[in-house]
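K.L.:
Structure file work.txt (compact mmCIF, C-alpha atoms and all ligand atoms) right here:
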```
# COMPACT_ATOMS: atom_id res chain seq x y z
CA MET A 1 72.96 -1.30 45.00
CA LEU A 2 74.16 -3.36 42.04
CA ALA A 3 75.03 -1.87 38.65
CA ALA A 4 73.17 -3.39 35.68
CA GLY A 5 76.31 -5.29 34.64
CA ASP A 6 76.63 -6.84 38.13
CA GLN A 7 73.03 -8.01 38.01
CA THR A 8 73.51 -9.81 34.69
CA SER A 9 76.74 -11.42 35.83
CA ARG A 10 74.90 -13.01 38.79
CA VAL A 11 72.03 -14.33 36.68
CA GLN A 12 72.58 -17.97 35.81
CA LEU A 13 73.18 -18.22 32.08
CA SER A 14 71.29 -20.79 30.02
CA PRO A 15 73.62 -23.17 28.13
CA SER A 16 72.67 -21.51 24.81
CA VAL A 17 73.49 -18.02 26.05
CA TRP A 18 76.71 -19.26 27.61
CA PHE A 19 77.64 -20.97 24.32
CA ALA A 20 76.80 -17.89 22.23
CA ARG A 21 79.02 -15.72 24.45
CA LEU A 22 81.83 -18.22 24.07
CA VAL A 23 81.57 -18.30 20.26
CA ALA A 24 81.51 -14.50 20.14
CA ARG A 25 85.02 -14.39 21.69
CA PRO A 26 87.85 -14.03 19.14
CA GLY A 27 90.13 -16.07 21.44
CA PHE A 28 87.69 -19.00 21.40
CA GLN A 29 87.42 -18.82 17.61
CA LYS A 30 91.20 -18.97 17.28
CA TRP A 31 91.40 -21.93 19.66
CA ALA A 32 88.52 -23.83 18.00
CA SER A 33 90.06 -23.37 14.55
CA ARG A 34 93.10 -25.36 15.65
CA LEU A 35 90.98 -28.50 16.19
CA PRO A 36 89.78 -30.46 13.10
CA ILE A 37 86.05 -30.35 13.95
CA GLY A 38 86.26 -26.76 15.18
CA ARG A 39 88.01 -25.73 11.98
CA ALA A 40 85.42 -27.46 9.76
CA VAL A 41 82.51 -25.82 11.63
CA SER A 42 84.12 -22.40 11.67
CA GLU A 43 84.98 -22.53 7.97
CA ARG A 44 81.44 -23.57 7.09
CA ASP A 45 79.93 -20.87 9.31
CA GLY A 46 82.29 -18.30 7.82
CA ALA A 47 81.29 -19.24 4.27
CA GLU A 48 77.58 -19.12 5.17
CA ILE A 49 77.93 -15.73 6.86
CA PHE A 50 79.77 -14.46 3.79
CA ASP A 51 77.01 -15.76 1.58
CA ILE A 52 74.37 -13.86 3.60
CA LEU A 53 76.52 -10.74 3.42
CA GLN A 54 76.86 -10.94 -0.37
CA GLY A 55 73.19 -11.83 -0.94
CA PHE A 56 72.41 -8.41 -2.35
CA VAL A 57 75.30 -8.64 -4.82
CA LYS A 58 74.04 -12.01 -6.05
CA SER A 59 70.54 -10.69 -6.59
CA GLN A 60 71.91 -7.68 -8.50
CA VAL A 61 74.02 -9.96 -10.70
CA LEU A 62 70.85 -11.89 -11.47
CA LEU A 63 69.07 -8.61 -12.24
CA ALA A 64 71.84 -7.58 -14.65
CA LEU A 65 71.68 -10.95 -16.45
CA VAL A 66 67.91 -10.63 -16.82
CA GLU A 67 67.79 -6.94 -17.76
CA MET A 68 70.46 -7.23 -20.47
CA ASP A 69 68.64 -10.29 -21.76
CA ILE A 70 71.77 -12.38 -21.37
CA LEU A 71 69.94 -15.49 -20.19
CA GLN A 72 67.71 -15.42 -23.26
CA ARG A 73 70.63 -14.75 -25.59
CA LEU A 74 72.63 -17.66 -24.19
CA LEU A 75 69.57 -19.84 -24.61
CA ASP A 76 69.49 -18.88 -28.28
CA GLN A 77 73.19 -19.63 -28.77
CA PRO A 78 76.50 -19.83 -26.88
CA ALA A 79 78.32 -16.49 -26.78
CA SER A 80 81.62 -15.06 -25.62
CA ALA A 81 82.03 -12.10 -23.29
CA GLU A 82 83.24 -10.09 -26.25
CA GLN A 83 80.12 -10.79 -28.32
CA LEU A 84 77.85 -9.97 -25.40
CA SER A 85 79.79 -6.83 -24.54
CA LEU A 86 79.45 -5.41 -28.05
CA SER A 87 75.68 -5.52 -28.01
CA SER A 88 75.11 -4.50 -24.40
CA GLY A 89 77.42 -1.50 -24.13
CA VAL A 90 79.37 -3.07 -21.25
CA PRO A 91 83.18 -3.14 -21.59
CA HIS A 92 84.61 -6.57 -22.34
CA ASP A 93 86.38 -7.11 -19.00
CA ARG A 94 83.27 -6.16 -17.03
CA MET A 95 81.09 -8.45 -19.11
CA GLU A 96 83.57 -11.24 -18.40
CA GLY A 97 83.20 -10.41 -14.68
CA LEU A 98 79.41 -10.60 -14.92
CA LEU A 99 79.49 -13.92 -16.75
CA LYS A 100 81.96 -15.41 -14.27
CA ALA A 101 79.69 -14.31 -11.43
CA GLY A 102 76.85 -16.09 -13.27
CA VAL A 103 78.99 -19.23 -13.47
CA ALA A 104 79.81 -18.98 -9.74
CA MET A 105 76.06 -18.78 -9.07
CA ARG A 106 75.57 -21.88 -11.25
CA LEU A 107 73.31 -20.02 -13.65
CA LEU A 108 75.81 -20.20 -16.52
CA LYS A 109 78.57 -22.52 -17.65
CA SER A 110 81.81 -21.59 -19.38
CA ARG A 111 83.02 -23.75 -22.26
CA ARG A 112 86.57 -24.59 -23.25
CA ASP A 113 86.28 -22.36 -26.34
CA GLY A 114 85.71 -19.36 -24.05
CA ARG A 115 82.00 -19.07 -24.82
CA TYR A 116 79.25 -19.27 -22.24
CA ILE A 117 76.01 -21.29 -22.16
CA LEU A 118 73.10 -21.55 -19.75
CA ALA A 119 73.34 -23.96 -16.83
CA ARG A 120 70.19 -25.81 -15.76
CA ARG A 121 69.25 -23.20 -13.15
CA GLY A 122 69.67 -20.34 -15.59
CA ALA A 123 67.47 -22.13 -18.11
CA ALA A 124 64.85 -22.89 -15.43
CA ILE A 125 64.41 -19.14 -14.77
CA LEU A 126 63.30 -18.63 -18.35
CA GLY A 127 60.78 -21.46 -18.09
CA VAL A 128 58.93 -20.07 -15.05
CA PRO A 129 56.10 -17.78 -16.21
CA GLY A 130 56.69 -14.22 -15.07
CA LEU A 131 59.94 -14.95 -13.19
CA PRO A 132 62.23 -12.71 -15.27
CA GLN A 133 59.67 -9.89 -14.86
CA MET A 134 59.47 -10.65 -11.15
CA ILE A 135 63.26 -10.38 -10.93
CA SER A 136 63.14 -7.01 -12.74
CA HIS A 137 60.42 -5.70 -10.45
CA ASN A 138 62.74 -6.36 -7.51
CA ARG A 139 64.33 -3.01 -8.46
CA ALA A 140 61.55 -1.29 -6.52
CA PHE A 141 61.89 -3.63 -3.55
CA TYR A 142 65.68 -3.27 -3.66
CA ALA A 143 65.37 0.51 -3.49
CA ASP A 144 63.35 0.12 -0.28
CA MET A 145 65.81 -2.38 1.14
CA GLY A 146 68.65 0.10 0.47
CA ASP A 147 67.95 1.61 3.89
CA PRO A 148 66.54 -1.26 5.92
CA VAL A 149 66.58 0.69 9.18
CA SER A 150 64.36 3.43 7.73
CA LEU A 151 62.13 0.74 6.27
CA LEU A 152 61.81 -0.93 9.66
CA ARG A 153 61.10 2.42 11.34
CA GLY A 154 58.51 3.14 8.65
CA VAL A 155 59.70 6.71 8.24
CA SER A 156 59.08 7.35 4.56
CA GLU A 157 56.86 6.33 1.69
CA THR A 158 58.24 3.27 -0.05
CA HIS A 159 58.72 2.50 -3.74
CA LEU A 160 56.74 -0.73 -3.52
CA ALA A 161 53.72 0.97 -2.00
CA ARG A 162 53.59 3.24 -5.03
CA PHE A 163 53.90 0.34 -7.44
CA TRP A 164 50.89 -1.68 -6.34
CA PRO A 165 48.10 0.83 -7.01
CA TYR A 166 45.22 -0.93 -5.30
CA VAL A 167 47.03 -1.21 -1.98
CA LEU A 168 46.79 2.47 -1.18
CA GLY A 169 43.52 2.85 -3.04
CA LYS A 170 45.18 5.41 -5.32
CA SER A 171 44.76 3.71 -8.63
CA ASP A 172 43.85 7.01 -10.36
CA GLU A 173 47.26 8.46 -9.57
CA ILE A 174 49.21 5.61 -11.13
CA PRO A 175 50.25 5.96 -14.77
CA HIS A 176 48.27 3.51 -16.86
CA ASP A 177 51.36 1.69 -18.17
CA VAL A 178 52.69 1.10 -14.65
CA ALA A 179 49.33 -0.25 -13.47
CA GLU A 180 49.15 -2.44 -16.55
CA ARG A 181 52.68 -3.80 -16.09
CA TYR A 182 52.03 -4.71 -12.51
CA SER A 183 48.67 -6.33 -13.10
CA SER A 184 50.23 -8.50 -15.75
CA LEU A 185 53.05 -9.33 -13.33
CA MET A 186 50.43 -10.34 -10.77
CA ALA A 187 48.62 -12.48 -13.33
CA GLU A 188 51.81 -14.18 -14.57
CA SER A 189 53.11 -14.93 -11.09
CA GLN A 190 49.67 -16.39 -10.36
CA SER A 191 50.30 -19.45 -12.51
CA LEU A 192 52.80 -20.85 -9.97
CA VAL A 193 50.46 -20.03 -7.08
CA ALA A 194 47.53 -21.68 -8.85
CA GLN A 195 49.61 -24.79 -9.59
CA ASP A 196 50.62 -25.19 -5.96
CA THR A 197 47.20 -24.31 -4.54
CA LEU A 198 45.62 -26.97 -6.75
CA ARG A 199 48.24 -29.43 -5.53
CA MET A 200 47.61 -28.62 -1.86
CA VAL A 201 43.82 -28.36 -1.95
CA ASN A 202 41.18 -30.61 -3.50
CA PHE A 203 38.43 -28.38 -4.89
CA GLY A 204 36.31 -31.42 -5.82
CA GLY A 205 32.63 -31.19 -4.87
CA ILE A 206 32.49 -27.38 -5.03
CA ASN A 207 29.61 -26.11 -7.20
CA THR A 208 30.30 -22.38 -7.11
CA LEU A 209 33.58 -20.86 -6.02
CA LEU A 210 33.72 -17.19 -5.03
CA ASP A 211 37.27 -15.85 -5.51
CA ILE A 212 37.68 -12.72 -3.42
CA GLY A 213 40.34 -10.29 -4.71
CA GLY A 214 40.51 -12.48 -7.81
CA GLY A 215 42.37 -9.84 -9.87
CA SER A 216 42.23 -10.53 -13.58
CA GLY A 217 41.02 -14.09 -12.99
CA ALA A 218 44.21 -16.10 -13.53
CA PHE A 219 43.50 -18.31 -10.52
CA LEU A 220 39.86 -18.96 -11.46
CA LYS A 221 40.89 -19.87 -14.98
CA ALA A 222 43.21 -22.58 -13.66
CA VAL A 223 40.55 -23.93 -11.25
CA LEU A 224 37.72 -23.91 -13.81
CA ARG A 225 39.90 -25.74 -16.34
CA LYS A 226 40.69 -28.44 -13.80
CA TYR A 227 37.09 -28.75 -12.56
CA PRO A 228 34.84 -28.56 -15.65
CA LYS A 229 31.55 -28.73 -13.69
CA MET A 230 32.38 -25.84 -11.38
CA ASN A 231 31.03 -22.28 -11.73
CA ALA A 232 32.62 -19.21 -10.23
CA MET A 233 32.23 -15.62 -9.12
CA LEU A 234 35.09 -13.16 -9.12
CA PHE A 235 34.85 -10.32 -6.62
CA ASP A 236 37.30 -7.42 -6.85
CA LEU A 237 37.47 -3.63 -6.82
CA PRO A 238 35.45 -2.02 -9.67
CA GLU A 239 38.62 -0.76 -11.41
CA VAL A 240 40.00 -4.31 -11.64
CA ILE A 241 36.88 -5.87 -13.18
CA PRO A 242 37.51 -4.69 -16.80
CA ALA A 243 40.84 -6.58 -16.81
CA ALA A 244 39.02 -9.71 -15.60
CA ARG A 245 36.31 -9.24 -18.25
CA ALA A 246 38.94 -8.93 -20.98
CA ASN A 247 40.81 -11.94 -19.65
CA PHE A 248 37.75 -14.22 -19.60
CA GLY A 249 36.43 -12.81 -22.88
CA GLN A 250 38.35 -15.15 -25.17
CA SER A 251 38.73 -18.07 -22.80
CA GLY A 252 35.62 -20.16 -23.41
CA LEU A 253 35.04 -19.97 -19.64
CA GLU A 254 33.06 -16.71 -19.66
CA SER A 255 29.65 -18.41 -19.33
CA ARG A 256 30.78 -20.08 -16.09
CA VAL A 257 31.99 -16.91 -14.34
CA SER A 258 30.12 -13.94 -13.01
CA LEU A 259 32.11 -10.79 -12.25
CA ARG A 260 31.15 -8.91 -9.08
CA PRO A 261 32.61 -5.44 -8.56
CA GLY A 262 32.84 -4.25 -4.96
CA SER A 263 35.00 -3.69 -1.93
CA PHE A 264 35.09 -6.20 0.89
CA ARG A 265 35.85 -3.30 3.23
CA GLU A 266 32.58 -1.58 2.47
CA GLN A 267 29.98 -4.19 1.64
CA PRO A 268 28.97 -7.76 2.38
CA LEU A 269 30.29 -10.48 0.08
CA PRO A 270 27.97 -11.89 -2.57
CA ASP A 271 26.17 -15.02 -1.45
CA GLY A 272 25.35 -18.10 -3.54
CA ALA A 273 28.78 -19.74 -3.43
CA ASP A 274 29.54 -22.93 -1.52
CA ALA A 275 33.25 -22.10 -1.30
CA ILE A 276 35.34 -18.96 -1.04
CA SER A 277 38.99 -18.56 -2.00
CA LEU A 278 41.36 -15.84 -0.82
CA ILE A 279 44.49 -16.09 -2.92
CA ARG A 280 47.31 -13.65 -1.99
CA VAL A 281 44.77 -11.31 -0.41
CA LEU A 282 45.17 -11.51 3.38
CA TYR A 283 48.86 -10.56 3.49
CA ASP A 284 48.07 -7.19 1.94
CA HIS A 285 45.94 -6.18 4.93
CA ASP A 286 46.08 -5.47 8.65
CA ASP A 287 44.56 -7.76 11.27
CA LYS A 288 41.31 -5.81 11.66
CA THR A 289 40.60 -5.86 7.91
CA VAL A 290 41.43 -9.57 7.76
CA SER A 291 39.20 -10.44 10.75
CA ASP A 292 36.31 -8.47 9.25
CA LEU A 293 36.83 -10.13 5.87
CA LEU A 294 36.87 -13.61 7.39
CA SER A 295 33.64 -12.84 9.30
CA LYS A 296 32.06 -11.68 6.04
CA ALA A 297 33.21 -14.87 4.34
CA PHE A 298 31.65 -16.90 7.16
CA ALA A 299 28.39 -14.97 6.82
CA ALA A 300 28.28 -15.44 3.02
CA LEU A 301 28.79 -19.22 3.10
CA PRO A 302 26.12 -21.87 3.70
CA VAL A 303 26.63 -24.48 6.42
CA GLY A 304 29.30 -26.89 5.16
CA GLY A 305 30.75 -24.15 2.90
CA ARG A 306 34.53 -24.13 2.52
CA LEU A 307 37.16 -21.42 2.79
CA ILE A 308 40.54 -21.72 1.05
CA VAL A 309 43.36 -19.32 1.86
CA SER A 310 46.56 -19.50 -0.19
CA GLU A 311 49.54 -17.13 -0.06
CA PRO A 312 53.19 -17.10 1.07
CA MET A 313 53.26 -17.53 4.86
CA SER A 314 55.64 -17.13 7.75
CA GLY A 315 57.01 -20.28 9.37
CA GLY A 316 55.72 -18.95 12.72
CA SER A 317 57.74 -20.40 15.58
CA ARG A 318 60.04 -22.01 13.00
CA PRO A 319 60.87 -19.08 10.70
CA GLU A 320 61.22 -20.04 7.09
CA PRO A 321 63.42 -18.32 4.45
CA ALA A 322 60.83 -17.20 1.89
CA GLY A 323 58.04 -16.19 4.28
CA ASP A 324 60.19 -14.74 7.02
CA ILE A 325 62.76 -12.98 4.86
CA TYR A 326 61.55 -12.06 1.36
CA PHE A 327 57.79 -11.80 1.88
CA SER A 328 58.04 -10.43 5.40
CA PHE A 329 60.11 -7.45 4.23
CA TYR A 330 58.10 -7.24 1.01
CA THR A 331 54.83 -6.72 2.89
CA MET A 332 56.64 -4.34 5.24
CA ALA A 333 57.71 -2.28 2.23
CA MET A 334 54.14 -2.35 0.90
CA GLY A 335 53.21 -0.85 4.25
CA THR A 336 49.68 -2.18 4.53
CA GLY A 337 49.81 -5.85 5.49
CA ARG A 338 52.09 -8.55 6.80
CA VAL A 339 52.92 -12.19 6.37
CA ARG A 340 51.20 -14.46 8.85
CA SER A 341 51.93 -18.04 9.74
CA ALA A 342 49.46 -20.77 8.78
CA ARG A 343 48.71 -21.13 12.51
CA GLN A 344 47.90 -17.40 12.86
CA ILE A 345 45.59 -17.54 9.85
CA ALA A 346 43.99 -20.71 11.21
CA ASP A 347 43.37 -18.97 14.57
CA MET A 348 41.78 -15.99 12.80
CA CYS A 349 39.55 -18.36 10.79
CA GLU A 350 38.54 -20.11 14.00
CA ALA A 351 37.75 -16.77 15.64
CA ALA A 352 35.47 -15.97 12.67
CA GLY A 353 33.55 -19.22 13.35
CA PHE A 354 35.23 -21.68 10.96
CA ALA A 355 36.06 -25.26 11.97
CA ASP A 356 37.70 -28.33 10.45
CA ILE A 357 40.92 -26.40 9.88
CA LYS A 358 43.62 -28.03 7.76
CA LEU A 359 47.16 -26.88 7.05
CA PRO A 360 48.36 -28.91 4.04
CA ARG A 361 52.11 -29.31 3.52
CA ALA A 362 53.38 -26.69 1.08
CA PRO A 363 55.61 -28.18 -1.64
CA ARG A 364 57.15 -24.76 -2.37
CA PRO A 365 56.73 -22.32 0.54
CA TYR A 366 58.38 -19.63 -1.63
CA VAL A 367 55.37 -19.88 -3.95
CA SER A 368 52.47 -20.38 -1.54
CA SER A 369 51.13 -22.16 1.54
CA ALA A 370 47.49 -22.92 2.29
CA VAL A 371 44.94 -23.06 5.09
CA THR A 372 41.49 -24.56 4.55
CA CYS A 373 38.45 -24.74 6.83
CA SER A 374 34.69 -24.96 6.68
CA LYS A 375 31.51 -23.62 8.23
CA ALA A 376 30.41 -26.35 10.62
CA PRO A 377 26.69 -27.20 11.10
C1 LIG A 401 63.09 -35.67 -15.60
C2 LIG A 401 64.03 -36.11 -14.56
C3 LIG A 401 63.65 -37.30 -13.76
C4 LIG A 401 65.19 -35.50 -14.27
C5 LIG A 401 65.71 -34.36 -15.02
C6 LIG A 401 66.39 -33.35 -14.09
C7 LIG A 401 65.98 -32.03 -14.55
C8 LIG A 401 66.56 -31.56 -15.80
C9 LIG A 401 65.07 -31.35 -13.83
C10 LIG A 401 64.29 -30.20 -14.34
C11 LIG A 401 64.76 -28.84 -13.91
C12 LIG A 401 63.56 -27.94 -13.78
C13 LIG A 401 62.36 -28.17 -14.61
C14 LIG A 401 63.63 -26.91 -12.93
C15 LIG A 401 62.50 -26.07 -12.63
C16 LIG A 401 62.65 -25.07 -11.72
C17 LIG A 401 61.57 -24.22 -11.31
C18 LIG A 401 60.17 -24.51 -11.72
C19 LIG A 401 61.87 -23.14 -10.53
C20 LIG A 401 60.90 -22.22 -10.03
C21 LIG A 401 61.28 -21.13 -9.32
C22 LIG A 401 60.31 -20.19 -8.84
C23 LIG A 401 60.61 -19.05 -8.13
C24 LIG A 401 62.01 -18.73 -7.77
C25 LIG A 401 59.52 -18.21 -7.76
C26 LIG A 401 59.67 -16.97 -7.22
C27 LIG A 401 58.49 -16.21 -6.93
C28 LIG A 401 58.48 -14.93 -6.47
C29 LIG A 401 59.74 -14.19 -6.21
C30 LIG A 401 57.19 -14.31 -6.25
C31 LIG A 401 57.01 -13.09 -5.81
C32 LIG A 401 55.64 -12.62 -5.67
C33 LIG A 401 55.33 -11.38 -5.25
C34 LIG A 401 56.36 -10.40 -4.93
C35 LIG A 401 53.92 -11.04 -5.15
C36 LIG A 401 53.47 -9.90 -4.69
C37 LIG A 401 52.02 -9.73 -4.51
C38 LIG A 401 51.62 -8.71 -3.45
C39 LIG A 401 51.65 -7.34 -4.00
C40 LIG A 401 52.47 -8.80 -2.19
O1 LIG A 401 50.33 -9.01 -3.06
C1 LIG A 402 47.80 -9.41 -4.40
S1 LIG A 402 46.44 -9.23 -5.42
C2 LIG A 402 45.99 -10.90 -5.70
C3 LIG A 402 45.25 -11.12 -6.94
C4 LIG A 402 44.99 -12.58 -7.24
N1 LIG A 402 44.18 -13.22 -6.22
C5 LIG A 402 46.32 -13.27 -7.41
O1 LIG A 402 46.73 -14.03 -6.51
O2 LIG A 402 46.95 -13.05 -8.44
C6 LIG A 402 45.18 -8.67 -4.32
C7 LIG A 402 43.84 -8.42 -4.98
O3 LIG A 402 42.93 -7.99 -3.97
C8 LIG A 402 42.12 -6.96 -4.52
N2 LIG A 402 41.60 -6.10 -3.44
C9 LIG A 402 42.29 -5.27 -2.64
N3 LIG A 402 41.47 -4.63 -1.81
C10 LIG A 402 40.21 -5.07 -2.10
C11 LIG A 402 38.92 -4.77 -1.57
N4 LIG A 402 38.78 -3.87 -0.59
N5 LIG A 402 37.85 -5.41 -2.08
C12 LIG A 402 37.99 -6.31 -3.09
N6 LIG A 402 39.19 -6.64 -3.63
C13 LIG A 402 40.29 -6.02 -3.13
C14 LIG A 402 43.07 -6.23 -5.42
O4 LIG A 402 42.40 -5.41 -6.36
C15 LIG A 402 43.88 -7.34 -6.04
O5 LIG A 402 43.30 -7.80 -7.23
```
For the structure just supplied, provide its representation as structure tokens.

P.N.:
Amino acid sequence: MLAAGDQTSRVQLSPSVWFARLVARPGFQKWASRLPIGRAVSERDGAEIFDILQGFVKSQVLLALVEMDILQRLLDQPASAEQLSLSSGVPHDRMEGLLKAGVAMRLLKSRRDGRYILARRGAAILGVPGLPQMISHNRAFYADMGDPVSLLRGVSETHLARFWPYVLGKSDEIPHDVAERYSSLMAESQSLVAQDTLRMVNFGGINTLLDIGGGSGAFLKAVLRKYPKMNAMLFDLPEVIPAARANFGQSGLESRVSLRPGSFREQPLPDGADAISLIRVLYDHDDKTVSDLLSKAFAALPVGGRLIVSEPMSGGSRPEPAGDIYFSFYTMAMGTGRVRSARQIADMCEAAGFADIKLPRAPRPYVSSAVTCSKAP
């Protein structure tokens, strides 16, 4: 009888496996580094591996720059490490270290006079609605990523799950200020998602759009402003509706929106709309909930009615950095849903009865991707 090792040694190796085993040998690495092409590839690989390894340090440097308001202060005026250290309670040499790290990340620039200013990328962060807050909220995600093996095993309650009240249906237990902070984070981050969804999908011809899980209404506001003849319904959990009411109150759009409290888990969706949108809703839920929700959407729509899904997605068979790294682990830490690829979502829509499925190209997959389909005659 053969030992396991003998069995594998007799199996014919595919060229990729053979190559991987070669590259994993220190002797091969030493040999390859003596040749010009081998050296160039190995140096590049080494630098890229190092960059992955230090990813968490980079994101914490960014967090420090945001939390001590350094980006904003350098936007107001150039400053030296000494000036910034005085007001932030960080010793001079450490502040210099932070600022140099910011320069290395091309967020800041150092000037000949020793003062620092914002580089283009640092300035861009301040111009994206909600991005500094989003960076700060990564504290909770970071705490969960501190022990990735436990996170993967799902052994303990996560910080992120506690921060998004509606996910666990425990909104009563969440301090009001925390709930408030996170709903405003959700609303602010929505402006990017709305921008890209409106770029990917033409909402023309829709009379009444039903936005399921519409939150405080940031997405509907953007759509209604772009399509002045459209009316809308916003459906969300009863505890979320007051925020939507307040948000539409002063907008001049209130007469075009009707607010519908309810849970898509427990009741049918309101009818009367000729299109339904699901913006950043599906990835919060498991497959059964999503299949049921899509069937309810199908039932609520008239023939020819359209469904628009928009949220960050996995790259599927071609994994993609935002969907398959950040949002995949993010939803894992939330503990209730998962990122799906556009193809998976399309298949689930098809299983619910939808046809005419389209997967528009996403200009910024780290913001959102979309799937659209309709109820065929
Ligand atoms: C004018 C010409 C021709 C040339 C000039 C060149 C020049 C100066 C160009 C302009 C530079 C410029 C304007 C740059 C703009 C950069 C932008 C817009 C950057 C945007 C970045 C956006 C990012 C990084 C977005 C990140 C989003 C995140 C992290 C979202 C997270 C969302 C979460 C966690 C949601 C959770 C929801 C839940 C709970 C899972 O359901
Ligand atoms: C990630 S947020 C997205 C909000 C908004 N669409 C956006 O993109 O900013 C998910 C929304 O789904 C809502 N939601 C969760 N479970 C729900 C349910 N069972 N019925 C109705 N809405 C629900 C939440 O209250 C929340 O507003």

K.L.:
Which neighbours of Gln83 in chain A fall inside 10 Å, counting only C-alpha atoms, when residues of the same chain fewer than 5 positions from it are skipped, and could you give them as a list in words?

P.N.:
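In the requested format, the answer is Pro78, Ser88, His92, Met95 and Arg115 of chain A.
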
K.L.:
Go through the chains and note each residue within 6 Å of ligand LIG 401 (chain A), using all atoms listed in the file, then give the set as a PyMOL selection string.

P.N.:
chain A and resi 124+128+280+284+331+367

K.L.:
Residues at most 12 Å from Pro377 in chain A, counting all atoms listed in the file, excluding those fewer than 6 positions away in the same chain, as an MDAnalysis selection string?

P.N.:
chainID A and resid 301:305 353:356

K.L.:
Closest to Val371 in chain A among A:Ser80, A:Gln344, A:Gln267, A:Asn231, using all atoms listed in the file?

P.N.:
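The closest residue to Val371 in chain A is A:Gln344.
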
K.L.:
Could you list, as a PyMOL selection string, all residues that come within 9 Å of ligand LIG 402 (chain A)? Count only C-alpha atoms and all ligand atoms.

P.N.:
chain A and resi 164-169+183+185-191+193-194+211-220+235-241+261-267+277-285+289+310-311

K.L.:
Pick out the closest residue to Leu74 in chain A from this set: A:Ala40, A:Leu99, A:Val11, A:Leu118. Count only C-alpha atoms.

P.N.:
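With only C-alpha atoms as the atom set, the closest residue is A:Leu118.
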
K.L.:
Set the distance at 8 Å and use only C-alpha atoms: which residues neighbour range 158-161 of chain A once local chain neighbours fewer than 5 positions away are removed? I'd like the list as a list in words.

P.N.:
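Contacts, with the query itself left out: Ala140, Phe141, Ala143, Asp144, Leu151, Val167, Leu168, Ala333, Met334 and Gly335 of chain A.
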
K.L.:
Can you tell me how far CA of Asp69 in chain A sits from CA of Arg106 in chain A, in Å to one decimal?

P.N.:
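That distance, rounded to one decimal, is 17.1 Å.
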
K.L.:
Counting all atoms listed in the file, which of A:Pro268, A:Pro228, A:Pro312, A:Pro129 gets nearest to Asp292 in chain A?

P.N.:
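Selected residue with least distance to Asp292 in chain A: A:Pro268.
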
K.L.:
Which of these, A:Gln29, A:Asp274, A:Leu269, A:Asn247, has the shortest distance to Asp45 in chain A once you count all atoms listed in the file?

P.N.:
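Of A:Gln29, A:Asp274, A:Leu269, A:Asn247, the one nearest Asp45 in chain A is A:Gln29, counting all atoms listed in the file.
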
K.L.:
Out of A:Ala346, A:Leu13, A:Val90, A:Ala351, which residue has the shortest atom-to-atom distance to Thr372 in chain A when counting all atoms listed in the file?

P.N.:
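The closest residue to Thr372 in chain A is A:Ala346.
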
K.L.:
Leaving out range 202-204 of chain A and any residue of its chain fewer than 3 positions from it, which residues lie within 8 Å of it when counting only C-alpha atoms, given as an mmCIF file with C-alpha atoms, in the coordinates of the input?

P.N.:
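This is the output file around_13.cif:
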```
data_model
loop_
_atom_site.group_PDB
_atom_site.id
_atom_site.type_symbol
_atom_site.label_atom_id
_atom_site.label_comp_id
_atom_site.auth_asym_id
_atom_site.auth_seq_id
_atom_site.Cartn_x
_atom_site.Cartn_y
_atom_site.Cartn_z
ATOM 1 C CA LEU A 198 45.620 -26.970 -6.750
ATOM 2 C CA ARG A 199 48.240 -29.430 -5.530
ATOM 3 C CA TYR A 227 37.090 -28.750 -12.560
#
```

K.L.:
Which residues come within 12 Å of Gln60 in chain A, counting all atoms listed in the file, excluding same-chain residues fewer than 5 positions away, as a list in words?

P.N.:
Gln54, Gly55, Leu65, Val66, Glu67, Leu98, Ala101, Gly102, Met105, Ile135, Ser136, His137, Asn138, Arg139, Phe141, Tyr142 and Ala143 of chain A

K.L.:
Given all atoms listed in the file as the basis, pick out the residue of A:Ala104, A:Leu293, A:Leu253, A:Ala244 nearest to Val223 in chain A.

P.N.:
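Smallest separation from Val223 in chain A among the options: A:Leu253.
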
K.L.:
Would you compute the distance between CA of Ile345 in chain A and CA of Gly154 in chain A? Give it in Å to one decimal.

P.N.:
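Between CA of Ile345 in chain A and CA of Gly154 in chain A the gap is 24.4 Å.
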